[in-house]
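Q: Sharing protein.tsv (TSV, C-alpha atoms) below.
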chain	number	residue	atom	x	y	z
A	1	MET	CA	8.09	-9.95	-14.95
A	2	LEU	CA	4.62	-10.54	-13.48
A	3	ILE	CA	4.42	-10.05	-9.73
A	4	ARG	CA	1.38	-11.51	-7.99
A	5	LYS	CA	1.07	-11.87	-4.29
A	6	LEU	CA	-1.14	-13.87	-2.01
A	7	THR	CA	-2.04	-11.32	0.63
A	8	LYS	CA	-4.55	-10.41	3.28
A	9	ARG	CA	-4.95	-6.83	4.39
A	10	PHE	CA	-6.19	-5.47	7.70
A	11	ILE	CA	-6.76	-2.08	9.26
A	12	LEU	CA	-4.68	-0.98	12.24
A	13	ASN	CA	-5.45	1.80	14.69
A	14	SER	CA	-1.96	2.34	16.11
A	15	ILE	CA	1.61	1.24	15.51
A	16	ASP	CA	2.54	1.98	19.13
A	17	ASN	CA	4.18	-0.94	20.95
A	18	LEU	CA	4.81	-2.93	17.75
A	19	ASN	CA	8.29	-4.23	16.96
A	20	LEU	CA	8.88	-2.42	13.65
A	21	SER	CA	11.78	-1.68	11.33
A	22	ALA	CA	12.80	1.84	10.45
A	23	PRO	CA	10.37	3.21	7.85
A	24	ILE	CA	11.00	3.48	4.13
A	25	ARG	CA	9.22	6.43	2.52
A	26	TYR	CA	7.28	5.80	-0.70
A	27	GLU	CA	5.98	8.58	-2.92
A	28	ARG	CA	3.63	7.11	-5.50
A	29	TYR	CA	2.14	8.96	-8.45
A	30	TYR	CA	-0.57	7.53	-10.67
A	31	ILE	CA	-0.38	8.59	-14.29
A	32	ASN	CA	-3.26	6.31	-15.35
A	33	ASP	CA	-4.69	2.89	-14.38
A	34	LYS	CA	-1.78	1.05	-15.98
A	35	LEU	CA	1.15	3.29	-15.07
A	36	ARG	CA	2.51	4.52	-11.78
A	37	ILE	CA	5.85	5.90	-10.74
A	38	GLN	CA	7.37	5.95	-7.32
A	39	LYS	CA	10.25	7.34	-5.37
A	40	LYS	CA	11.40	4.79	-2.81
A	41	SER	CA	14.10	6.27	-0.58
A	42	ASN	CA	16.43	7.67	-3.26
A	43	THR	CA	15.47	5.42	-6.16
A	44	PHE	CA	12.96	6.14	-8.91
A	45	GLU	CA	10.81	3.41	-10.49
A	46	LYS	CA	8.20	3.12	-13.21
A	47	GLU	CA	5.69	0.29	-12.88
A	48	LEU	CA	3.30	-1.04	-15.50
A	49	LEU	CA	0.18	-2.66	-14.03
A	50	ASP	CA	-2.34	-5.13	-15.37
A	51	ASP	CA	-6.12	-4.94	-14.89
A	52	ASN	CA	-5.78	-6.73	-11.53
A	53	ASN	CA	-3.25	-4.20	-10.22
A	54	ALA	CA	-0.38	-6.70	-10.50
A	55	ILE	CA	2.98	-5.37	-11.60
A	56	ILE	CA	3.78	-6.50	-15.16
A	57	GLU	CA	7.03	-4.61	-15.44
A	58	LYS	CA	9.19	-2.52	-13.11
A	59	VAL	CA	12.07	-0.41	-14.40
A	60	MET	CA	14.42	2.06	-12.80
A	61	ILE	CA	14.17	5.60	-14.17
A	62	ASN	CA	16.16	8.75	-13.56
A	63	GLU	CA	14.97	11.74	-11.56
A	64	LYS	CA	14.34	13.83	-14.68
A	65	GLU	CA	11.97	11.22	-16.16
A	66	PHE	CA	10.35	10.82	-12.74
A	67	GLU	CA	9.67	14.58	-12.47
A	68	LYS	CA	8.28	14.71	-16.02
A	69	LEU	CA	5.86	11.83	-15.37
A	70	LYS	CA	5.00	13.19	-11.92
A	71	SER	CA	3.71	16.38	-13.57
A	72	GLN	CA	1.21	14.23	-15.51
A	73	SER	CA	-0.15	12.37	-12.47
A	74	TYR	CA	-3.73	12.55	-11.28
A	75	CYS	CA	-2.97	11.43	-7.73
A	76	ASN	CA	-0.10	11.10	-5.30
A	77	ILE	CA	0.10	8.81	-2.30
A	78	ILE	CA	2.78	9.21	0.32
A	79	ARG	CA	3.30	6.49	2.87
A	80	ASP	CA	5.90	4.96	5.14
A	81	ASN	CA	6.47	1.23	4.95
A	82	PHE	CA	7.48	-0.69	8.06
A	83	LEU	CA	8.35	-4.36	8.43
A	84	TYR	CA	6.94	-6.14	11.47
A	85	LEU	CA	10.07	-7.66	12.98
A	86	ASP	CA	8.24	-10.50	14.77
A	87	ASP	CA	6.86	-11.97	11.51
A	88	ASN	CA	8.64	-11.29	8.21
A	89	ARG	CA	5.42	-11.85	6.24
A	90	ILE	CA	3.88	-8.68	7.68
A	91	SER	CA	4.38	-5.09	6.59
A	92	ILE	CA	2.56	-1.98	7.74
A	93	LYS	CA	1.81	1.06	5.62
A	94	LYS	CA	1.31	4.42	7.36
A	95	TYR	CA	-0.29	7.00	5.07
A	96	HIS	CA	0.22	10.77	5.03
A	97	ASP	CA	-1.42	13.86	3.55
A	98	ASP	CA	-4.79	13.09	1.88
A	99	TYR	CA	-4.81	9.55	3.29
A	100	LYS	CA	-3.64	10.41	6.79
A	101	GLY	CA	-5.18	8.11	9.37
A	102	LEU	CA	-4.89	4.95	7.30
A	103	LEU	CA	-2.65	2.29	8.78
A	104	ARG	CA	-2.79	-0.83	6.61
A	105	ILE	CA	-1.35	-4.22	7.46
A	106	GLU	CA	-0.33	-6.48	4.58
A	107	ILE	CA	0.46	-10.13	5.16
A	108	SER	CA	2.10	-12.06	2.31
A	109	PHE	CA	1.70	-15.81	2.03
A	110	SER	CA	3.58	-18.50	0.10
A	111	THR	CA	0.58	-20.72	-0.54
A	112	GLU	CA	-3.22	-20.53	-0.69
A	113	LYS	CA	-3.39	-22.99	2.23
A	114	GLU	CA	-1.16	-20.79	4.39
A	115	MET	CA	-3.35	-17.80	3.55
A	116	ASN	CA	-6.61	-19.64	4.21
A	117	ASP	CA	-5.35	-21.06	7.53
A	118	TYR	CA	-4.03	-17.72	8.82
A	119	VAL	CA	-5.55	-16.41	12.05
A	120	LYS	CA	-4.94	-12.69	12.52
A	121	GLU	CA	-3.09	-11.33	15.54
A	122	GLU	CA	-5.30	-9.83	18.23
A	123	TRP	CA	-3.83	-6.34	17.65
A	124	MET	CA	-5.05	-6.36	14.04
A	125	GLY	CA	-8.32	-4.70	13.14
A	126	ALA	CA	-10.92	-5.59	10.53
A	127	GLU	CA	-9.95	-7.27	7.28
A	128	ILE	CA	-10.00	-4.84	4.35
A	129	THR	CA	-8.65	-7.12	1.60
A	130	ASN	CA	-11.69	-6.59	-0.64
A	131	THR	CA	-12.27	-2.90	0.01
A	132	PRO	CA	-11.05	0.30	-1.69
A	133	LEU	CA	-8.59	0.71	1.21
A	134	ALA	CA	-6.69	-2.45	0.22
A	135	PHE	CA	-4.68	-1.05	-2.70
A	136	ASP	CA	-3.17	2.33	-3.49
A	137	LYS	CA	-4.67	2.19	-6.99
A	138	TYR	CA	-8.18	2.06	-5.52
A	139	LEU	CA	-7.38	4.68	-2.88
A	140	SER	CA	-6.34	6.99	-5.71
A	141	LYS	CA	-9.88	6.86	-7.13
A	142	LEU	CA	-11.62	7.93	-3.90
A	143	THR	CA	-12.64	11.50	-3.16
A	144	LYS	CA	-11.60	12.83	0.25
A	145	GLU	CA	-15.14	12.29	1.50
A	146	GLU	CA	-15.29	8.72	0.17
A	147	PHE	CA	-11.92	7.95	1.75
A	148	LYS	CA	-13.02	9.26	5.16
A	149	SER	CA	-16.27	7.30	4.92
A	150	GLU	CA	-14.44	4.06	4.02
A	151	LEU	CA	-11.91	4.53	6.79
A	152	GLU	CA	-14.62	5.16	9.38
A	153	LYS	CA	-16.28	1.84	8.49
A	154	TYR	CA	-13.25	-0.12	9.70
A	155	GLN	CA	-11.59	1.94	12.42
A	156	ILE	CA	-12.25	1.20	16.04
A	157	THR	CA	-12.99	4.38	17.98
The structure given in the file should be rewritten as structure tokens.
A:
Amino acid sequence: MLIRKLTKRFILNSIDNLNLSAPIRYERYYINDKLRIQKKSNTFEKELLDDNNAIIEKVMINEKEFEKLKSQSYCNIIRDNFLYLDDNRISIKKYHDDYKGLLRIEISFSTEKEMNDYVKEEWMGAEITNTPLAFDKYLSKLTKEEFKSELEKYQIT
């Protein structure tokens, strides 16, 4: 199972006044560049990734295996995932702990044309699709100082 998505990613300064679903909590742990595990609500998953950060394989695991792998992780990322109820292509990730302050918008598209023709909503901030803030895997490689510096580049103050 190879999962590839056509997406654009933007920064967001606030989720206030947006029509959002209830959040789903994700706890992600990176074991290495090709393996991550996550707890999503009350389910546990193991994901194998390719060099482009696409999911090659996703399998359900039990809590015991999750805890064992978690102890081997080099980084954890905790975030809440919201769906934007006015456009089902849009989700918003609100980060906690070491990545607190990052609100990332992800827009999924069905075709390249749809993606290329997309005009962002006025409440969206700068595009971050090709930055280290775009993917959890790249976030996991940043030091706290590098993360703060990257975030400051795109946030409106």
Q: I want to know what sits within 12 Å of Lys153 in chain A, based on all atoms listed in the file, with residues of the same chain fewer than 4 positions away left out; could you give that as a ChimeraX atom specification?
A: /A:11,102,125-128,131-133,146-149,157
Q: Between A:Phe44, A:Phe82, A:Phe10, A:Tyr138, which is the closest to Val119 in chain A once you count only C-alpha atoms?
A: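 Ranked by minimum distance to Val119 in chain A, first place goes to A:Phe10.
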Q: Would you mind telling me which residue in A:Met60, A:Asp136, A:Tyr30, A:Arg89 lies nearest to Met115 in chain A when using only C-alpha atoms?
A: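 Checking each candidate against Met115 in chain A, we get A:Arg89 as the closest.
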Q: Using only C-alpha atoms, which of A:Thr43, A:Asn53, A:Gln38, A:Thr129 sits nearest Tyr154 in chain A?
A: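 Looking only at the distances to Tyr154 in chain A, the closest residue turns out to be A:Thr129.
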Q: Work out how far CA of Leu48 in chain A is from CA of Arg36 in chain A, in Å to one decimal.
A: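 CA of Leu48 in chain A lies at a distance of 6.7 Å from CA of Arg36 in chain A.
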Q: To one decimal in Å, tell me the separation between CA of Ile77 in chain A and CA of Glu65 in chain A.
A: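 Interatomic distance, CA of Ile77 in chain A to CA of Glu65 in chain A: 18.4 Å.
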Q: Could you check how far CA of Ile56 in chain A sits from CA of Ile90 in chain A, in Å to one decimal?
A: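 Here the two named atoms are 22.9 Å from each other.
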Q: Using only C-alpha atoms, pick whichever of A:Thr143, A:Arg25, A:Lys93, A:Asp87 has the shortest atom-to-atom distance to Lys120 in chain A.
A: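 Smallest separation from Lys120 in chain A among the options: A:Asp87.
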Q: Given only C-alpha atoms as the basis, pick out the residue of A:Lys94, A:Lys40, A:Lys46, A:Lys64 nearest to Glu106 in chain A.
A: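 Residue with the minimum atom-to-atom distance to Glu106 in chain A: A:Lys94.
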Q: Extending 4 Å beyond the listed atoms of range 111-129 of chain A on each side, what axis-aligned box results? I want centre and edge lengths in Å to one decimal, as JSON.
A:
{"center_x": -5.2, "center_y": -13.8, "center_z": 8.8, "size_x": 19.5, "size_y": 26.3, "size_z": 26.9}
Q: When you count all atoms listed in the file, which of these residues is closest to Lys141 in chain A: A:Asp33, A:Glu121, A:Glu114, A:Glu27?
A: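 Among the listed residues, A:Asp33 lies closest to Lys141 in chain A.
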Q: Name the residues in contact with Tyr118 in chain A at a cut-off of 12 Å, using all atoms listed in the file, excluding same-chain residues fewer than 6 positions from it; report them as a list in words.
A: Leu6, Thr7, Lys8, Arg9, Arg89, Ile107, Ser108, Phe109, Ser110, Thr111 and Glu112 of chain A
Q: Please provide as number ranges by chain all residues within 10 Å of Gly101 in chain A, with the sequence filter that same-chain residues fewer than 3 positions apart are discarded (counting all atoms listed in the file).
A: A: 12-14, 94-98, 104, 148, 151-152, 155
Q: Could the residues in this selection be written to a file with C-alpha atoms, as a PDB file, in the coordinates of the input?
A:
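Now in again.pdb:
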ATOM      1  CA  LEU A  12      -4.680  -0.980  12.240  1.00  0.00           C
ATOM      2  CA  ASN A  13      -5.450   1.800  14.690  1.00  0.00           C
ATOM      3  CA  SER A  14      -1.960   2.340  16.110  1.00  0.00           C
ATOM      4  CA  LYS A  94       1.310   4.420   7.360  1.00  0.00           C
ATOM      5  CA  TYR A  95      -0.290   7.000   5.070  1.00  0.00           C
ATOM      6  CA  HIS A  96       0.220  10.770   5.030  1.00  0.00           C
ATOM      7  CA  ASP A  97      -1.420  13.860   3.550  1.00  0.00           C
ATOM      8  CA  ASP A  98      -4.790  13.090   1.880  1.00  0.00           C
ATOM      9  CA  ARG A 104      -2.790  -0.830   6.610  1.00  0.00           C
ATOM     10  CA  LYS A 148     -13.020   9.260   5.160  1.00  0.00           C
ATOM     11  CA  LEU A 151     -11.910   4.530   6.790  1.00  0.00           C
ATOM     12  CA  GLU A 152     -14.620   5.160   9.380  1.00  0.00           C
ATOM     13  CA  GLN A 155     -11.590   1.940  12.420  1.00  0.00           C
TER      14      GLN A 155
END
